[in-house]
Every structure is written in structure tokens, then in C-alpha cells.
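S.K.: For reference, the file query_29.pdb (PDB, C-alpha atoms) is included below:
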```
ATOM      1  CA  MET A   1     -78.260 207.420 -44.286
ATOM      2  CA  VAL A   2     -78.975 204.192 -46.179
ATOM      3  CA  LYS A   3     -75.627 204.327 -47.977
ATOM      4  CA  LYS A   4     -73.843 204.797 -44.651
ATOM      5  CA  LEU A   5     -75.616 201.765 -43.212
ATOM      6  CA  ILE A   6     -74.734 199.661 -46.265
ATOM      7  CA  LEU A   7     -71.077 200.705 -46.022
ATOM      8  CA  LEU A   8     -71.037 199.782 -42.345
ATOM      9  CA  LEU A   9     -72.576 196.377 -43.080
ATOM     10  CA  LEU A  10     -69.805 195.736 -45.604
ATOM     11  CA  VAL A  11     -66.943 196.422 -43.200
ATOM     12  CA  VAL A  12     -68.078 194.637 -40.043
ATOM     13  CA  ILE A  13     -66.766 191.169 -39.352
ATOM     14  CA  SER A  14     -69.842 189.341 -40.580
ATOM     15  CA  VAL A  15     -73.544 189.932 -41.009
ATOM     16  CA  SER A  16     -76.479 187.559 -41.271
ATOM     17  CA  LEU A  17     -79.221 189.393 -43.126
ATOM     18  CA  ARG A  18     -82.492 187.639 -43.851
ATOM     19  CA  TYR A  19     -85.712 189.564 -44.141
ATOM     20  CA  ASP A  20     -88.749 187.571 -45.266
ATOM     21  CA  GLY A  21     -86.543 185.432 -47.503
ATOM     22  CA  THR A  22     -84.839 188.439 -49.145
ATOM     23  CA  SER A  23     -81.407 189.796 -48.368
ATOM     24  CA  LEU A  24     -81.828 192.994 -46.409
ATOM     25  CA  ALA A  25     -78.617 194.368 -47.854
ATOM     26  CA  MET A  26     -79.953 193.737 -51.368
ATOM     27  CA  ALA A  27     -83.250 195.420 -50.522
ATOM     28  CA  MET A  28     -81.448 198.479 -49.196
ATOM     29  CA  THR A  29     -79.141 198.647 -52.219
ATOM     30  CA  THR A  30     -82.068 198.340 -54.615
ATOM     31  CA  THR A  31     -83.865 201.167 -52.878
ATOM     32  CA  VAL A  32     -80.854 203.435 -53.178
ATOM     33  CA  SER A  33     -80.197 202.612 -56.838
ATOM     34  CA  LYS A  34     -83.775 203.382 -57.824
ATOM     35  CA  SER A  35     -83.950 206.747 -56.114
ATOM     36  CA  GLY A  36     -80.343 207.781 -56.590
ATOM     37  CA  THR A  37     -80.321 209.386 -53.140
ATOM     38  CA  SER A  38     -80.069 208.161 -49.578
ATOM     39  CA  SER A  39     -83.022 208.471 -47.254
ATOM     40  CA  SER A  40     -83.325 207.764 -43.549
ATOM     41  CA  SER A  41     -87.017 207.053 -44.067
ATOM     42  CA  THR A  42     -86.094 204.170 -46.396
ATOM     43  CA  ALA A  43     -83.978 202.547 -43.697
ATOM     44  CA  ALA A  44     -86.809 203.100 -41.253
ATOM     45  CA  SER A  45     -89.354 201.408 -43.522
ATOM     46  CA  ILE A  46     -87.229 198.247 -43.686
ATOM     47  CA  LEU A  47     -86.539 197.759 -39.965
ATOM     48  CA  SER A  48     -89.345 199.671 -38.257
ATOM     49  CA  ASN A  49     -90.411 197.858 -35.068
ATOM     50  CA  LYS A  50     -88.063 194.960 -35.878
ATOM     51  CA  LYS A  51     -85.699 193.179 -33.464
ATOM     52  CA  VAL A  52     -81.992 193.638 -34.138
ATOM     53  CA  VAL A  53     -79.377 191.629 -32.239
ATOM     54  CA  VAL A  54     -75.783 192.884 -32.265
ATOM     55  CA  VAL A  55     -73.181 190.354 -31.131
ATOM     56  CA  GLY A  56     -70.201 192.347 -29.884
ATOM     57  CA  GLY A  57     -70.309 195.512 -27.801
ATOM     58  CA  GLY A  58     -67.188 197.139 -29.226
ATOM     59  CA  PRO A  59     -66.916 200.383 -31.225
ATOM     60  CA  VAL A  60     -68.400 198.924 -34.441
ATOM     61  CA  GLY A  61     -71.421 197.341 -32.782
ATOM     62  CA  LEU A  62     -72.133 200.444 -30.689
ATOM     63  CA  TYR A  63     -71.748 202.793 -33.653
ATOM     64  CA  PHE A  64     -74.071 200.654 -35.766
ATOM     65  CA  ALA A  65     -76.699 200.746 -33.003
ATOM     66  CA  ALA A  66     -76.437 204.523 -32.622
ATOM     67  CA  LEU A  67     -76.680 205.104 -36.373
ATOM     68  CA  LEU A  68     -79.615 202.733 -36.810
ATOM     69  CA  LEU A  69     -81.547 204.153 -33.869
ATOM     70  CA  GLN A  70     -81.037 207.661 -35.196
ATOM     71  CA  SER A  71     -82.609 206.610 -38.509
ATOM     72  CA  ASP A  72     -85.514 204.827 -36.773
ATOM     73  CA  PRO A  73     -86.038 204.933 -32.975
ATOM     74  CA  SER A  74     -88.737 202.245 -33.279
ATOM     75  CA  VAL A  75     -86.099 199.541 -33.872
ATOM     76  CA  LYS A  76     -85.540 197.240 -30.882
ATOM     77  CA  ILE A  77     -81.835 196.572 -30.407
ATOM     78  CA  GLU A  78     -80.066 194.210 -28.025
ATOM     79  CA  ILE A  79     -76.278 194.313 -27.864
ATOM     80  CA  LEU A  80     -74.514 191.252 -26.412
ATOM     81  CA  GLU A  81     -70.995 191.675 -25.044
ATOM     82  CA  LYS A  82     -69.319 188.622 -23.525
ATOM     83  CA  GLU A  83     -66.990 190.694 -21.357
ATOM     84  CA  THR A  84     -68.264 192.311 -18.187
ATOM     85  CA  LYS A  85     -67.596 195.899 -17.214
ATOM     86  CA  SER A  86     -65.505 194.789 -14.245
ATOM     87  CA  SER A  87     -63.335 192.479 -16.361
ATOM     88  CA  SER A  88     -62.405 195.245 -18.801
ATOM     89  CA  SER A  89     -59.071 196.868 -18.114
ATOM     90  CA  LYS A  90     -57.767 200.300 -19.013
ATOM     91  CA  ASN A  91     -54.996 199.039 -21.265
ATOM     92  CA  ALA A  92     -52.362 201.391 -22.567
ATOM     93  CA  PHE A  93     -53.297 201.010 -26.217
ATOM     94  CA  GLY A  94     -54.983 204.062 -27.736
ATOM     95  CA  LEU A  95     -57.087 204.507 -30.859
ATOM     96  CA  GLY A  96     -56.442 207.572 -32.992
ATOM     97  CA  VAL A  97     -59.692 209.297 -33.976
ATOM     98  CA  GLY A  98     -58.624 210.650 -37.367
ATOM     99  CA  PRO A  99     -60.697 212.694 -39.849
ATOM    100  CA  ARG A 100     -62.470 209.653 -41.332
ATOM    101  CA  MET A 101     -63.515 208.209 -37.975
ATOM    102  CA  LYS A 102     -64.457 211.695 -36.748
ATOM    103  CA  HIS A 103     -66.700 212.177 -39.781
ATOM    104  CA  ARG A 104     -68.421 208.827 -39.182
ATOM    105  CA  LEU A 105     -69.014 209.503 -35.489
ATOM    106  CA  GLN A 106     -70.440 212.921 -36.331
ATOM    107  CA  ASP A 107     -73.154 211.182 -38.367
ATOM    108  CA  VAL A 108     -74.855 210.804 -34.982
ATOM    109  CA  PRO A 109     -75.124 214.225 -33.277
ATOM    110  CA  GLY A 110     -73.212 214.298 -29.999
ATOM    111  CA  LEU A 111     -71.551 210.891 -30.409
ATOM    112  CA  TYR A 112     -68.134 212.236 -31.452
ATOM    113  CA  GLU A 113     -67.965 214.637 -28.507
ATOM    114  CA  LYS A 114     -68.966 211.859 -26.113
ATOM    115  CA  ALA A 115     -66.499 209.370 -27.610
ATOM    116  CA  ILE A 116     -63.447 211.621 -27.158
ATOM    117  CA  SER A 117     -64.500 213.138 -23.820
ATOM    118  CA  VAL A 118     -61.598 211.241 -22.209
ATOM    119  CA  SER A 119     -58.648 211.534 -24.587
ATOM    120  CA  SER A 120     -55.182 212.901 -25.184
ATOM    121  CA  THR A 121     -53.919 214.566 -28.364
ATOM    122  CA  VAL A 122     -51.178 213.331 -30.685
ATOM    123  CA  GLY A 123     -48.881 216.193 -31.661
ATOM    124  CA  GLY A 124     -46.324 216.347 -34.438
ATOM    125  CA  GLY A 125     -48.713 218.354 -36.594
ATOM    126  CA  LEU A 126     -51.345 215.590 -36.501
ATOM    127  CA  ASN A 127     -53.570 216.925 -33.696
ATOM    128  CA  ILE A 128     -55.517 213.643 -33.522
ATOM    129  CA  PRO A 129     -57.430 212.688 -30.359
ATOM    130  CA  LEU A 130     -56.117 209.436 -28.888
ATOM    131  CA  VAL A 131     -58.621 207.393 -26.868
ATOM    132  CA  SER A 132     -58.058 204.103 -25.065
ATOM    133  CA  ARG A 133     -60.360 201.367 -26.324
ATOM    134  CA  PHE A 134     -61.792 200.999 -22.826
ATOM    135  CA  ASP A 135     -62.742 204.697 -22.641
ATOM    136  CA  LEU A 136     -64.048 204.738 -26.216
ATOM    137  CA  VAL A 137     -66.361 201.769 -25.620
ATOM    138  CA  GLU A 138     -67.456 203.056 -22.216
ATOM    139  CA  ASN A 139     -68.325 206.500 -23.614
ATOM    140  CA  MET A 140     -70.168 205.137 -26.671
ATOM    141  CA  ARG A 141     -72.138 202.713 -24.496
ATOM    142  CA  ASN A 142     -73.084 205.521 -22.103
ATOM    143  CA  PHE A 143     -74.215 207.637 -25.059
ATOM    144  CA  LEU A 144     -76.715 204.939 -26.044
ATOM    145  CA  LEU A 145     -77.935 204.458 -22.476
ATOM    146  CA  GLU A 146     -78.378 208.212 -22.022
ATOM    147  CA  HIS A 147     -80.403 208.639 -25.228
ATOM    148  CA  TYR A 148     -82.485 205.439 -25.362
ATOM    149  CA  ASN A 149     -84.362 203.502 -22.697
ATOM    150  CA  ASP A 150     -83.947 199.782 -22.038
ATOM    151  CA  SER A 151     -86.984 198.813 -24.137
ATOM    152  CA  CYS A 152     -85.431 200.495 -27.182
ATOM    153  CA  CYS A 153     -81.735 199.649 -26.749
ATOM    154  CA  ARG A 154     -80.537 197.032 -24.292
ATOM    155  CA  VAL A 155     -76.831 196.436 -23.628
ATOM    156  CA  THR A 156     -76.148 193.082 -21.961
ATOM    157  CA  LEU A 157     -72.671 192.571 -20.512
ATOM    158  CA  GLY A 158     -71.188 189.214 -19.557
ATOM    159  CA  GLU A 159     -73.251 187.264 -22.086
ATOM    160  CA  GLY A 160     -71.990 186.031 -25.447
ATOM    161  CA  CYS A 161     -73.373 184.077 -28.379
ATOM    162  CA  ALA A 162     -73.007 180.286 -28.074
ATOM    163  CA  SER A 163     -74.870 179.231 -31.233
ATOM    164  CA  ALA A 164     -76.957 180.627 -34.066
ATOM    165  CA  ASN A 165     -79.738 179.101 -36.154
ATOM    166  CA  PHE A 166     -80.043 181.144 -39.344
ATOM    167  CA  ASP A 167     -83.110 179.224 -40.521
ATOM    168  CA  THR A 168     -85.214 180.021 -37.454
ATOM    169  CA  LYS A 169     -83.443 183.385 -36.950
ATOM    170  CA  THR A 170     -82.574 182.516 -33.365
ATOM    171  CA  ILE A 171     -79.384 182.723 -31.321
ATOM    172  CA  THR A 172     -78.652 180.981 -28.034
ATOM    173  CA  THR A 173     -76.426 182.773 -25.557
ATOM    174  CA  ASP A 174     -73.833 181.184 -23.295
ATOM    175  CA  LYS A 175     -76.344 181.739 -20.472
ATOM    176  CA  GLY A 176     -78.854 179.476 -22.248
ATOM    177  CA  ARG A 177     -81.157 182.314 -23.310
ATOM    178  CA  GLU A 178     -82.799 182.107 -26.755
ATOM    179  CA  ILE A 179     -83.279 185.364 -28.663
ATOM    180  CA  GLN A 180     -85.289 185.796 -31.864
ATOM    181  CA  TYR A 181     -84.071 188.400 -34.349
ATOM    182  CA  ASP A 182     -85.029 190.017 -37.632
ATOM    183  CA  LEU A 183     -81.465 191.244 -38.230
ATOM    184  CA  LEU A 184     -78.306 189.719 -36.773
ATOM    185  CA  LEU A 185     -75.080 191.721 -36.843
ATOM    186  CA  GLY A 186     -71.763 190.050 -36.056
ATOM    187  CA  ALA A 187     -69.353 192.652 -34.676
ATOM    188  CA  ASP A 188     -67.525 190.367 -32.262
ATOM    189  CA  GLY A 189     -63.960 190.890 -33.377
ATOM    190  CA  VAL A 190     -61.169 188.922 -34.955
ATOM    191  CA  ASN A 191     -62.320 185.633 -33.381
ATOM    192  CA  SER A 192     -65.947 186.241 -34.350
ATOM    193  CA  GLN A 193     -68.377 183.490 -33.367
ATOM    194  CA  ILE A 194     -70.905 184.704 -35.940
ATOM    195  CA  ARG A 195     -68.336 184.486 -38.738
ATOM    196  CA  ARG A 196     -67.427 180.972 -37.609
ATOM    197  CA  PHE A 197     -71.091 179.923 -37.637
ATOM    198  CA  LEU A 198     -71.548 181.372 -41.127
ATOM    199  CA  THR A 199     -68.462 179.711 -42.610
ATOM    200  CA  THR A 200     -69.132 176.309 -41.025
ATOM    201  CA  ASP A 201     -72.837 176.208 -41.936
ATOM    202  CA  ASN A 202     -73.027 173.950 -45.006
ATOM    203  CA  ASN A 203     -76.221 175.652 -46.157
ATOM    204  CA  ASN A 204     -74.512 179.032 -46.485
ATOM    205  CA  ASN A 205     -71.668 178.038 -48.841
ATOM    206  CA  MET A 206     -69.566 180.901 -47.508
ATOM    207  CA  GLY A 207     -65.775 181.008 -47.509
ATOM    208  CA  GLU A 208     -63.358 183.058 -45.427
ATOM    209  CA  GLN A 209     -60.560 185.290 -46.693
ATOM    210  CA  HIS A 210     -57.578 186.694 -44.808
ATOM    211  CA  TYR A 211     -55.830 189.906 -45.798
ATOM    212  CA  THR A 212     -53.388 190.525 -42.944
ATOM    213  CA  GLU A 213     -50.047 188.983 -42.053
ATOM    214  CA  ASN A 214     -49.158 187.781 -38.568
ATOM    215  CA  VAL A 215     -47.667 190.671 -36.609
ATOM    216  CA  TYR A 216     -47.214 190.923 -32.852
ATOM    217  CA  TRP A 217     -47.771 194.123 -30.926
ATOM    218  CA  LYS A 218     -47.387 195.257 -27.344
ATOM    219  CA  ALA A 219     -48.335 198.455 -25.541
ATOM    220  CA  LEU A 220     -46.401 199.349 -22.411
ATOM    221  CA  GLN A 221     -47.295 202.174 -20.059
ATOM    222  CA  LEU A 222     -44.287 204.290 -19.163
ATOM    223  CA  PRO A 223     -43.463 205.820 -15.785
ATOM    224  CA  LYS A 224     -43.737 209.588 -15.630
ATOM    225  CA  GLN A 225     -41.530 211.204 -18.277
ATOM    226  CA  THR A 226     -40.135 214.656 -17.529
ATOM    227  CA  THR A 227     -38.208 215.048 -20.773
ATOM    228  CA  ILE A 228     -40.930 214.019 -23.257
ATOM    229  CA  GLU A 229     -43.530 216.473 -24.479
ATOM    230  CA  LYS A 230     -47.127 215.815 -23.467
ATOM    231  CA  GLU A 231     -48.291 215.350 -27.079
ATOM    232  CA  SER A 232     -45.284 213.260 -28.101
ATOM    233  CA  PHE A 233     -45.293 211.165 -31.303
ATOM    234  CA  LEU A 234     -41.703 209.949 -31.169
ATOM    235  CA  PRO A 235     -40.639 207.086 -33.486
ATOM    236  CA  ILE A 236     -38.794 204.072 -32.076
ATOM    237  CA  GLN A 237     -36.280 202.157 -34.191
ATOM    238  CA  HIS A 238     -34.583 198.877 -33.311
ATOM    239  CA  PRO A 239     -33.399 195.851 -35.388
ATOM    240  CA  SER A 240     -35.810 193.583 -33.472
ATOM    241  CA  ILE A 241     -39.006 195.503 -34.258
ATOM    242  CA  THR A 242     -40.932 196.470 -37.387
ATOM    243  CA  GLY A 243     -41.799 199.848 -35.889
ATOM    244  CA  GLY A 244     -42.876 201.671 -32.789
ATOM    245  CA  ARG A 245     -43.907 204.990 -31.253
ATOM    246  CA  VAL A 246     -44.013 206.840 -27.954
ATOM    247  CA  LEU A 247     -47.571 208.154 -27.643
ATOM    248  CA  PRO A 248     -49.553 210.222 -25.124
ATOM    249  CA  LYS A 249     -52.009 208.480 -22.812
ATOM    250  CA  ALA A 250     -55.205 209.987 -21.419
ATOM    251  CA  PRO A 251     -55.656 211.623 -19.038
ATOM    252  CA  GLU A 252     -51.888 211.923 -18.562
ATOM    253  CA  GLY A 253     -48.654 210.049 -19.162
ATOM    254  CA  HIS A 254     -47.200 208.140 -22.115
ATOM    255  CA  PHE A 255     -46.994 204.616 -23.476
ATOM    256  CA  VAL A 256     -44.820 202.731 -25.943
ATOM    257  CA  LEU A 257     -46.402 200.883 -28.855
ATOM    258  CA  LEU A 258     -44.231 198.231 -30.560
ATOM    259  CA  TYR A 259     -44.794 196.020 -33.620
ATOM    260  CA  TRP A 260     -42.712 193.007 -34.636
ATOM    261  CA  LYS A 261     -42.958 189.804 -36.647
ATOM    262  CA  GLY A 262     -43.193 186.320 -35.157
ATOM    263  CA  GLU A 263     -39.591 185.286 -35.740
ATOM    264  CA  GLN A 264     -38.384 188.354 -33.845
ATOM    265  CA  HIS A 265     -39.770 187.475 -30.387
ATOM    266  CA  ASP A 266     -38.502 185.360 -27.501
ATOM    267  CA  ARG A 267     -40.216 182.756 -25.293
ATOM    268  CA  ASP A 268     -41.810 185.519 -23.197
ATOM    269  CA  ASN A 269     -43.389 187.012 -26.338
ATOM    270  CA  ASN A 270     -41.176 190.072 -26.205
ATOM    271  CA  PRO A 271     -39.101 191.454 -29.090
ATOM    272  CA  ILE A 272     -35.619 189.942 -28.998
ATOM    273  CA  GLY A 273     -33.074 192.356 -27.545
ATOM    274  CA  ILE A 274     -35.585 194.757 -25.995
TER     275      ILE A 274
END
```
Translate this file's structure into C-alpha cells.

M.R.:
Amino acid sequence: MVKKLILLLLVVISVSLRYDGTSLAMAMTTTVSKSGTSSSSTAASILSNKKVVVVGGGPVGLYFAALLLQSDPSVKIEILEKETKSSSSKNAFGLGVGPRMKHRLQDVPGLYEKAISVSSTVGGGLNIPLVSRFDLVENMRNFLLEHYNDSCCRVTLGEGCASANFDTKTITTDKGREIQYDLLLGADGVNSQIRRFLTTDNNNNMGEQHYTENVYWKALQLPKQTTIEKESFLPIQHPSITGGRVLPKAPEGHFVLLYWKGEQHDRDNNPIGI
């Protein structure tokens, strides 16, 4: 369990980890290296009865909360999500839950089944559940609310992080509320506020690296298709796009997913010629 938590901490957008002056990640790594095995009790001993604030209520933040609470239900977690439930839209874009993601979700009993409870299946020999981000987040959030009461895990919608003080271990929300934390997890996406605070704080001496190139994408829901199989995974080729697919959409229907580079789009941000 400890190794899984460490791996998760390494892949999220950014993490501020300070525990009595010692890096929590270092403490967890040291514990694992000494014993040679992972232990949920080790994770529990580090964060038992501590306050954890997760900025970002997307799949990563929700999964982290579920995994941590499974290892130690005494942890007090508050998840801040700047978007409200009503402002979320059921966009056409779907996330494929492949073997690796399935394995991770199954680390928490019942979470995988809940996450894909509203999904379609990609055919073409892949047989991968395809879930819209809206449904995935909604189902994972409901899983937490069904298994943990508000005093153990609180999900606050419509409230984001406005500032963070890493010395006093305090964040201030955009509603003016101050929250003390023992562990702060930044899982607030590509435009992460927590990452920005970390990289602009002169005391941290942290830089920022980029590994992806600029690529545009668009997902378009199609009208009812009578000639396309339900589990379609049809490729789309056109000189104006890098690639594309026709994919199934839950609970029914299809959508088109297109990728293209910046120089290939027009003033309306559509691929030229399509």
C-alpha cells in the first residue's frame, strides 16, 4: 500500500509534503526500503488522525482519497473542487479504462465497479470500458460519500484554492476560508494553482518541466448512426488532422475525437478543411 501511495504522489501534478520538518515522501520511502515490503499500517502510522487537503476533485484527487482512507480511516480529508456539480457538463469525451487503470482502481474494493457503472465498451478486440469524465468523477465522488461520513471525508464543490502558505501549512480558498493541513495534495489539473504556488515561491527553489507538445483536440457528439456498430473504434484520416476515431458513447450513441496541431486550425479553432 505504501508503494502505491508513493507512486501516486509522484504522478500527480504537484504535492506539498511537510511533516514536522521532514518530507513525508522521504519518510514513507525510508520505511519501505528498511522493511523491503509495503504495509498499510506504515501509511496509517504516518497520517493517522491528520488533516489532508486535496485541491482538485478530479479522478486523481478522488482516487488518492479513496486509497488513503482505505489504508487509514482515521485520516481527515477535505477535497476542494472549484467547479460546481451544476456547472459540469456531460461532454462527449470518454476515458478508456484500460488494464493499468483497472488494476489501480481495484486497489480499493468496489471502486472499479462503481467507476464504470455508466460506460460503453470499445470494440475492435480491445473490450475497454469507455467512461465520460463527468460520469467517472460523479461515480468516484459518490463512492466516497457512500463509504465515509462528512467528518471523515468532505467534498466541497464550488470552492477553489486562492493561495497557499507552505510555512504555516495553511491554504485560503476563493471563498475566504482558511484551512490548516498536515498534507497538501495538488491534483488540480494542467493549470494547477498548487504547482504555480510551488514554482513561484522563492523559498522552494523548484522549477517546472514540460514534456508535451501543443496539440488541439475536439470531441463532437454524433447524431444517431444506423450504419456504425455500437462498439465502434473506427479510425479517421484527413490531411488536416494528426489522428482521430469514432468511439462509442455511454449510455448510447457515438462521438468523434479529433487531434491536430496548431498550424492546422482556422479562426474558429476547427481543423482546416473539416

S.K.: At what distance in Å, to one decimal, does CA of Val155 (chain A) lie from CA of Tyr112 (chain A)?

M.R.: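 Those two atoms sit 19.7 Å apart.
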
S.K.: Rank A:Ile128, A:Leu68, A:Lys82, A:Leu62 by their smallest atom-to-atom distance to Val97 (chain A), using all atoms listed in the file, and report the top residue only.

M.R.: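 So, comparing all the options, the nearest one is A:Ile128.
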
S.K.: Check which residues satisfy the PyMOL selection byres ((chain A and resi 180) around 9) in the file shown, then give them as a PyMOL selection string.

M.R.: chain A and resi 51-53+168-171+178-179+181-182

S.K.: Would you mind exporting C-alpha atoms of the selected residues as an mmCIF file, keeping the file's coordinate frame?

M.R.:
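Writing the result to result_19.cif gives the following:
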```cif
data_model
loop_
_atom_site.group_PDB
_atom_site.id
_atom_site.type_symbol
_atom_site.label_atom_id
_atom_site.label_comp_id
_atom_site.auth_asym_id
_atom_site.auth_seq_id
_atom_site.Cartn_x
_atom_site.Cartn_y
_atom_site.Cartn_z
ATOM 1 C CA LYS A 51 -85.699 193.179 -33.464
ATOM 2 C CA VAL A 52 -81.992 193.638 -34.138
ATOM 3 C CA VAL A 53 -79.377 191.629 -32.239
ATOM 4 C CA THR A 168 -85.214 180.021 -37.454
ATOM 5 C CA LYS A 169 -83.443 183.385 -36.950
ATOM 6 C CA THR A 170 -82.574 182.516 -33.365
ATOM 7 C CA ILE A 171 -79.384 182.723 -31.321
ATOM 8 C CA GLU A 178 -82.799 182.107 -26.755
ATOM 9 C CA ILE A 179 -83.279 185.364 -28.663
ATOM 10 C CA TYR A 181 -84.071 188.400 -34.349
ATOM 11 C CA ASP A 182 -85.029 190.017 -37.632
#
```

S.K.: Please give the centre and size of the box around region 234-239 of chain A (axis-aligned, containing every atom listed in the file, 3 Å added per side), with values in Å to one decimal and written as lines of an AutoDock Vina configuration file.

M.R.:
```
center_x = -37.6
center_y = 202.9
center_z = -33.3
size_x = 14.3
size_y = 20.1
size_z = 10.2
```

S.K.: Assuming the chain letters and numbering stay as they are in my file, what does the PyMOL selection byres ((chain A and resi 247) around 6) actually select? List them as a list in words.

M.R.: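 When the PyMOL selection byres ((chain A and resi 247) around 6) is applied to the shown file, the picked residues are Ser232, Phe233, Val246, Pro248, His254 and Phe255 of chain A.
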